[in-house]
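Asks: So I've got this file, entry_30.cif, and it contains mmCIF, C-alpha atoms:
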data_my_file
loop_
_atom_site.label_atom_id
_atom_site.label_comp_id
_atom_site.auth_asym_id
_atom_site.auth_seq_id
_atom_site.Cartn_x
_atom_site.Cartn_y
_atom_site.Cartn_z
CA MET A 275 0.88 46.24 1.96
CA ASP A 276 -2.77 46.69 2.86
CA VAL A 277 -4.55 50.00 2.38
CA PRO A 278 -7.05 50.06 5.29
CA PRO A 279 -10.43 51.65 4.57
CA LYS A 280 -9.80 54.26 7.27
CA ALA A 281 -6.55 55.27 5.58
CA LEU A 282 -8.24 55.59 2.21
CA GLU A 283 -11.06 57.65 3.73
CA ALA A 284 -8.43 60.02 5.11
CA PHE A 285 -6.90 60.70 1.69
CA PRO A 286 -7.38 64.33 0.58
CA PRO A 287 -9.52 65.06 -2.51
CA SER A 288 -6.34 65.62 -4.51
CA VAL A 289 -5.63 61.86 -4.52
CA LYS A 290 -6.97 60.52 -7.80
CA LEU A 291 -4.88 57.41 -8.46
CA ILE A 292 -3.60 54.46 -6.44
CA CYS A 293 -0.97 52.38 -8.23
CA GLU A 294 -0.79 48.78 -7.09
CA ALA A 295 2.82 47.74 -7.67
CA GLY A 296 1.79 44.20 -8.50
CA THR A 297 -0.93 42.12 -10.10
CA GLY A 298 -3.22 41.32 -7.17
CA TYR A 299 -5.15 44.22 -5.67
CA ASN A 300 -7.12 42.47 -2.92
CA ASN A 301 -5.19 44.67 -0.46
CA ILE A 302 -7.06 47.78 -1.61
CA PRO A 303 -10.75 48.53 -0.81
CA ILE A 304 -11.77 48.84 -4.47
CA GLU A 305 -15.40 49.79 -3.94
CA LEU A 306 -14.49 52.52 -1.47
CA ALA A 307 -11.90 53.89 -3.90
CA ARG A 308 -14.55 53.96 -6.63
CA LYS A 309 -16.99 55.84 -4.40
CA ARG A 310 -14.30 58.39 -3.63
CA GLY A 311 -13.46 58.84 -7.32
CA ILE A 312 -10.02 57.29 -6.96
CA SER A 313 -8.80 55.07 -9.78
CA VAL A 314 -6.82 51.93 -8.94
CA ALA A 315 -4.35 50.62 -11.49
CA ASN A 316 -2.39 47.38 -11.28
CA ILE A 317 0.41 45.70 -13.24
CA PRO A 318 -1.25 42.62 -14.75
CA THR A 319 1.54 41.05 -16.81
CA TYR A 320 4.91 41.97 -15.35
CA SER A 321 5.62 38.62 -13.64
CA ASN A 322 3.86 36.06 -15.84
CA GLU A 323 6.96 34.15 -16.88
CA SER A 324 8.67 34.51 -13.51
CA VAL A 325 5.73 33.08 -11.57
CA ALA A 326 5.25 30.35 -14.17
CA HIS A 327 8.90 29.37 -13.78
CA MET A 328 8.36 29.20 -10.00
CA VAL A 329 5.61 26.63 -10.56
CA ILE A 330 7.88 24.57 -12.80
CA THR A 331 10.74 24.90 -10.30
CA TYR A 332 8.57 23.33 -7.62
CA ILE A 333 7.44 20.56 -9.98
CA MET A 334 10.98 19.64 -10.97
CA ASN A 335 12.19 19.76 -7.38
CA PHE A 336 9.34 17.52 -6.24
CA GLY A 337 9.91 15.10 -9.11
CA ALA A 338 13.52 14.52 -8.06
CA ALA A 339 12.87 14.95 -4.32
CA ILE A 340 15.53 17.67 -4.32
CA PHE A 341 14.22 19.27 -1.13
CA ASP A 342 14.36 15.95 0.72
CA GLN A 343 17.75 15.00 -0.74
CA ALA A 344 19.30 18.32 0.27
CA ARG A 345 17.84 18.16 3.77
CA MET A 346 19.22 14.66 4.30
CA LEU A 347 22.70 15.70 3.21
CA GLN A 348 22.59 18.82 5.40
CA ASN A 349 21.81 16.51 8.32
CA ASN A 350 24.82 14.33 7.43
CA ASP A 351 22.48 11.58 6.22
CA ARG A 352 24.25 10.10 3.19
CA ARG A 353 22.18 6.92 2.79
CA ASN A 354 20.94 8.01 -0.63
CA PHE A 355 24.38 7.42 -2.11
CA LYS A 356 23.79 3.69 -1.56
CA VAL A 357 20.06 3.14 -1.10
CA PHE A 358 17.29 5.26 -2.60
CA GLN A 359 15.15 6.80 0.10
CA PRO A 360 12.57 9.33 -1.15
CA PRO A 361 10.74 8.20 -4.32
CA ILE A 362 11.66 10.16 -7.45
CA TYR A 363 9.69 10.37 -10.68
CA GLU A 364 9.99 11.56 -14.26
CA ILE A 365 7.57 14.40 -14.95
CA THR A 366 7.04 13.40 -18.57
CA GLY A 367 3.55 12.01 -18.91
CA LYS A 368 2.43 13.39 -15.55
CA THR A 369 -0.70 15.54 -15.28
CA LEU A 370 -0.49 19.13 -14.12
CA GLY A 371 -3.85 20.45 -12.95
CA MET A 372 -4.22 24.21 -12.85
CA VAL A 373 -6.87 26.04 -10.86
CA GLY A 374 -7.31 29.26 -12.81
CA GLY A 375 -5.14 27.85 -15.55
CA SER A 376 -6.84 29.61 -18.47
CA GLY A 377 -5.41 33.00 -17.47
CA THR A 378 -2.15 34.58 -18.53
CA ILE A 379 0.05 33.01 -15.86
CA GLY A 380 -1.57 29.60 -16.30
CA THR A 381 -0.92 29.84 -20.03
CA CYS A 382 2.73 30.65 -19.35
CA VAL A 383 2.94 27.59 -17.08
CA ALA A 384 1.54 25.44 -19.90
CA ASP A 385 4.09 26.97 -22.29
CA VAL A 386 6.85 25.39 -20.19
CA ALA A 387 5.10 22.23 -18.98
CA LEU A 388 3.95 20.98 -22.40
CA PRO A 389 7.46 20.80 -23.94
CA LEU A 390 8.49 18.80 -20.86
CA GLY A 391 5.91 16.19 -21.88
CA MET A 392 3.31 16.97 -19.24
CA ASN A 393 -0.44 16.83 -19.76
CA ILE A 394 -2.53 19.80 -18.64
CA ALA A 395 -5.91 19.77 -16.90
CA ILE A 396 -7.70 23.08 -16.30
CA SER A 397 -10.84 23.70 -14.28
CA SER A 398 -13.42 26.00 -15.82
CA ARG A 399 -16.99 26.82 -14.88
CA SER A 400 -17.92 27.03 -18.56
CA GLY A 401 -16.41 23.62 -19.29
CA LYS A 402 -14.19 25.01 -22.03
CA LEU A 403 -11.32 27.39 -22.63
CA PRO A 404 -12.08 30.97 -23.69
CA LYS A 405 -12.66 31.42 -27.41
CA GLY A 406 -9.34 31.95 -29.14
CA HIS A 407 -7.28 30.64 -26.22
CA LYS A 408 -3.81 29.54 -27.27
CA TYR A 409 -4.46 25.91 -26.30
CA GLU A 410 -8.15 25.76 -27.22
CA ASN A 411 -7.67 22.88 -29.66
CA ASP A 412 -4.58 21.24 -28.17
CA PRO A 413 -5.26 17.57 -27.31
CA ARG A 414 -2.72 17.73 -24.47
CA VAL A 415 -4.83 20.35 -22.67
CA LYS A 416 -8.24 19.39 -21.34
CA VAL A 417 -10.87 21.20 -19.32
CA VAL A 418 -12.26 19.17 -16.44
CA PRO A 419 -14.69 19.72 -13.54
CA PHE A 420 -13.13 21.24 -10.42
CA ASP A 421 -13.22 18.05 -8.33
CA ASP A 422 -11.89 15.90 -11.18
CA LEU A 423 -8.88 18.18 -11.49
CA PHE A 424 -7.86 17.27 -7.95
CA ARG A 425 -8.55 13.58 -8.48
CA GLN A 426 -6.62 13.28 -11.75
CA SER A 427 -3.58 15.49 -11.26
CA ASP A 428 -0.10 14.54 -10.14
CA TYR A 429 0.61 18.20 -9.45
CA VAL A 430 -2.04 20.83 -8.66
CA SER A 431 -1.01 24.43 -9.23
CA ILE A 432 -3.10 27.35 -7.98
CA ASN A 433 -3.07 30.22 -10.47
CA CYS A 434 -6.31 32.09 -9.74
CA PRO A 435 -6.74 35.51 -8.09
CA LEU A 436 -7.81 35.92 -4.48
CA ASN A 437 -11.31 37.31 -4.07
CA SER A 438 -14.44 36.64 -2.04
CA GLU A 439 -15.22 33.55 -4.14
CA THR A 440 -11.76 31.99 -4.07
CA ARG A 441 -10.78 32.71 -0.45
CA HIS A 442 -10.37 29.35 1.34
CA SER A 443 -11.78 27.62 -1.76
CA ILE A 444 -9.16 24.88 -1.39
CA GLY A 445 -9.16 23.02 1.89
CA GLU A 446 -9.44 19.59 3.42
CA ARG A 447 -12.23 18.42 1.08
CA GLU A 448 -10.22 19.21 -2.06
CA ILE A 449 -6.93 17.91 -0.69
CA ARG A 450 -8.51 14.58 0.23
CA LEU A 451 -9.58 14.21 -3.40
CA MET A 452 -5.94 14.19 -4.49
CA LYS A 453 -3.73 11.16 -5.08
CA PRO A 454 -1.52 10.25 -2.11
CA THR A 455 1.47 10.72 -4.43
CA ALA A 456 0.36 14.18 -5.60
CA PHE A 457 1.75 17.62 -4.77
CA LEU A 458 -0.02 20.94 -4.21
CA ILE A 459 1.67 24.17 -5.35
CA ASN A 460 0.56 27.71 -4.58
CA THR A 461 2.23 30.69 -6.25
CA ALA A 462 -0.96 32.81 -6.32
CA ARG A 463 -2.25 34.12 -2.98
CA GLY A 464 -1.99 32.35 0.35
CA GLY A 465 -5.59 33.00 1.32
CA ILE A 466 -6.91 30.77 -1.46
CA ILE A 467 -5.89 27.77 0.66
CA ASN A 468 -7.43 27.18 4.06
CA GLU A 469 -4.07 26.92 5.80
CA ALA A 470 -5.38 25.31 8.99
CA GLU A 471 -7.01 22.54 6.96
CA LEU A 472 -3.88 22.14 4.84
CA ILE A 473 -1.77 21.71 7.98
CA LYS A 474 -4.19 19.06 9.25
CA CYS A 475 -3.95 17.12 5.98
CA MET A 476 -0.18 17.39 5.74
CA LYS A 477 0.24 16.14 9.32
CA GLU A 478 -1.79 13.11 8.24
CA LYS A 479 0.30 12.85 5.03
CA VAL A 480 -2.82 12.85 2.87
CA ILE A 481 -0.69 13.94 -0.11
CA ALA A 482 3.02 13.71 -0.84
CA GLY A 483 3.85 17.35 -0.35
CA ALA A 484 3.00 21.01 -0.75
CA GLY A 485 5.05 23.90 -2.09
CA LEU A 486 3.91 27.32 -0.94
CA ASP A 487 5.48 30.46 -2.32
CA THR A 488 2.58 32.35 -0.74
CA GLN A 489 0.99 31.91 2.68
CA GLU A 490 -2.05 33.35 4.45
CA VAL A 491 0.24 35.48 6.60
CA GLU A 492 3.71 36.21 5.25
CA PRO A 493 5.74 35.05 7.01
CA PRO A 494 3.54 32.61 8.94
CA PRO A 495 3.35 33.20 12.71
CA GLU A 496 6.32 31.88 14.68
CA ASP A 497 4.10 29.35 16.45
CA SER A 498 2.49 28.03 13.27
CA GLU A 499 2.77 24.29 12.87
CA ILE A 500 3.53 24.80 9.20
CA TRP A 501 7.19 25.45 10.06
CA LYS A 502 7.53 21.97 11.55
CA LEU A 503 6.07 19.95 8.67
CA ASP A 504 8.68 18.03 6.70
CA ASN A 505 6.35 17.65 3.69
CA VAL A 506 5.53 21.36 3.32
CA PHE A 507 8.13 23.54 1.63
CA LEU A 508 7.95 27.31 1.92
CA THR A 509 9.58 30.04 -0.11
CA PRO A 510 9.22 33.71 0.90
CA HIS A 511 6.98 34.88 -1.97
CA ILE A 512 9.87 35.06 -4.42
CA GLY A 513 7.99 34.17 -7.61
CA TRP A 514 7.90 37.83 -8.66
CA ARG A 515 11.24 38.93 -7.25
CA ARG A 516 13.67 38.13 -10.04
CA LEU A 517 15.83 41.10 -11.03
CA GLU A 518 14.34 41.53 -14.49
CA THR A 519 10.81 41.15 -13.13
CA ARG A 520 11.26 43.89 -10.54
CA GLN A 521 12.71 46.28 -13.12
CA ARG A 522 9.74 45.57 -15.40
CA LEU A 523 7.42 46.28 -12.46
CA CYS A 524 9.01 49.69 -11.88
CA ASP A 525 8.86 50.55 -15.58
CA MET A 526 5.20 49.54 -15.93
CA THR A 527 4.19 51.38 -12.76
CA GLY A 528 5.71 54.53 -14.24
CA ASP A 529 3.81 53.88 -17.47
CA ASN A 530 0.53 53.65 -15.53
CA ILE A 531 1.16 57.00 -13.86
CA GLU A 532 2.17 58.66 -17.13
CA SER A 533 -0.90 57.28 -18.90
CA TYR A 534 -3.20 58.56 -16.15
CA ILE A 535 -1.70 62.06 -16.41
CA LYS A 536 -2.43 61.93 -20.15
CA GLY A 537 -6.05 61.11 -19.45
CA GLU A 538 -5.83 57.42 -20.31
CA ARG A 539 -7.13 54.62 -18.05
CA LYS A 540 -4.33 52.10 -18.52
CA ASN A 541 -4.71 48.96 -16.34
CA VAL A 542 -7.40 50.62 -14.20
CA VAL A 543 -9.34 47.88 -12.37
CA ASN A 544 -12.24 49.93 -10.98
#
Turn the structure described in the file into structure tokens.
Replies:
Amino acid sequence: MDVPPKALEAFPPSVKLICEAGTGYNNIPIELARKRGISVANIPTYSNESVAHMVITYIMNFGAAIFDQARMLQNNDRRNFKVFQPPIYEITGKTLGMVGGSGTIGTCVADVALPLGMNIAISSRSGKLPKGHKYENDPRVKVVPFDDLFRQSDYVSINCPLNSETRHSIGEREIRLMKPTAFLINTARGGIINEAELIKCMKEKVIAGAGLDTQEVEPPPEDSEIWKLDNVFLTPHIGWRRLETRQRLCDMTGDNIESYIKGERKNVVN
């Protein structure tokens, strides 16, 4: 839910804290809140494993063409019992490229992908992982330039926050760098991908498929072409919605409020 600037300006002076019940806080005018002396606190770690598992779920489904197989059977198309139709692949030995992969969620994705035998490529402006990172010296994890990540990866997962620098940072140019057999996965924020350019590329079948747990507008408009694409698979932003994850979110939101009352600035982002 967005907090419009006009709504925030109308808050009485008694409002001192806004609790974002989630990790991303791009829906709150942070600078305006700061000017008004209102702290904004988020929940940075409640869904790390859940979102990471969503990435892996997409990878494993794409590897076995589960989405395509299920759709064929639902349409009474049983040819796959006799003749293989969609190509299916082992994920062992495949490269998973992660945009924003050095953060907490990206690290959780690597925690699951590496035991499955995948190789990890991470883009980083500095050309290296942060000092002391869990996988800093792991030969299965390499840091590569942004463009090379798209060129080399069999699966590209977006795990960075949405901000002024990342909005629409992935579009037609980046997608056309990818292998024609590769898949794009977004469990971060829909606005990181230029959706119009993605639709254009997917209509041309530039890559094998895309899995979007987040979209620019959720749900996409009824007349959006994205609904009609058979190589784009949508889920309704469920990466964070597992039962245990939502309970953790409630508990941690309460902790933020309690800490603020005690004079502590727990998880305050401004």
Asks: As a PyMOL selection string, please: the residues near stretch 276-288 of chain A (cut-off 9 Å, only C-alpha atoms, same-chain neighbours under 6 positions excluded).
Replies: chain A and resi 300-303+306-307+310-312
Asks: Enumerate, as a list in words, the residues matched when the PyMOL selection byres ((chain A and resi 337) around 12) is run on the file above.
Replies: Ile330, Thr331, Tyr332, Ile333, Met334, Asn335, Phe336, Ala338, Ala339, Ile340, Phe341, Asp342, Gln343, Pro360, Pro361, Ile362, Tyr363, Glu364, Ile365, Thr366, Lys368, Asp428, Tyr429, Thr455, Ala456, Phe457, Ala482 and Gly483 of chain A
Asks: What is the distance, in Å and to one decimal place, between atom CA of A:Ala395 and atom CA of A:Ser427?
Replies: 7.5 Å
Asks: Between A:Ser376, A:Ser313, A:Asn349, A:Asn433, which residue has the minimum interatomic distance to A:Val417, considering all atoms listed in the file?
Replies: A:Ser376
Asks: For this file, the PyMOL selection byres ((chain A and resi 469) around 9) selects which residues, as an mmCIF file with C-alpha atoms, keeping the file's coordinate frame?
Replies:
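Listing of expr.cif after writing:
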data_model
loop_
_atom_site.group_PDB
_atom_site.id
_atom_site.type_symbol
_atom_site.label_atom_id
_atom_site.label_comp_id
_atom_site.auth_asym_id
_atom_site.auth_seq_id
_atom_site.Cartn_x
_atom_site.Cartn_y
_atom_site.Cartn_z
ATOM 1 C CA HIS A 442 -10.370 29.350 1.340
ATOM 2 C CA GLY A 445 -9.160 23.020 1.890
ATOM 3 C CA GLY A 464 -1.990 32.350 0.350
ATOM 4 C CA GLY A 465 -5.590 33.000 1.320
ATOM 5 C CA ILE A 466 -6.910 30.770 -1.460
ATOM 6 C CA ILE A 467 -5.890 27.770 0.660
ATOM 7 C CA ASN A 468 -7.430 27.180 4.060
ATOM 8 C CA ALA A 470 -5.380 25.310 8.990
ATOM 9 C CA GLU A 471 -7.010 22.540 6.960
ATOM 10 C CA LEU A 472 -3.880 22.140 4.840
ATOM 11 C CA ILE A 473 -1.770 21.710 7.980
ATOM 12 C CA LYS A 474 -4.190 19.060 9.250
ATOM 13 C CA GLN A 489 0.990 31.910 2.680
ATOM 14 C CA GLU A 490 -2.050 33.350 4.450
ATOM 15 C CA ILE A 500 3.530 24.800 9.200
#
Asks: Find the residues near A:Asp422: any atom within 12 Å, counting only C-alpha atoms, skip ones fewer than 5 places away on the same chain, and give them as a list in words.
Replies: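 Residues meeting the cut-off are Thr369, Gly371, Met372, Val373, Ala395, Ile396, Ser397, Ser398, Lys416, Val417, Ser427, Asp428, Val430, Glu448, Ile449, Arg450, Leu451, Met452 and Lys453 of chain A.
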Asks: Of the candidates A:Lys502, A:Ser431, A:Arg441, A:Val383, which one gets nearest to A:Ser324 if we count all atoms listed in the file?
Replies: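 Smallest distance to A:Ser324 is found for A:Val383.
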Asks: Which residue out of A:Tyr299, A:Asn350, A:Leu370, A:Ala315 has the minimum interatomic distance to A:Tyr534 when only C-alpha atoms are used?
Replies: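 Among A:Tyr299, A:Asn350, A:Leu370, A:Ala315, it is A:Ala315 that comes nearest to A:Tyr534.
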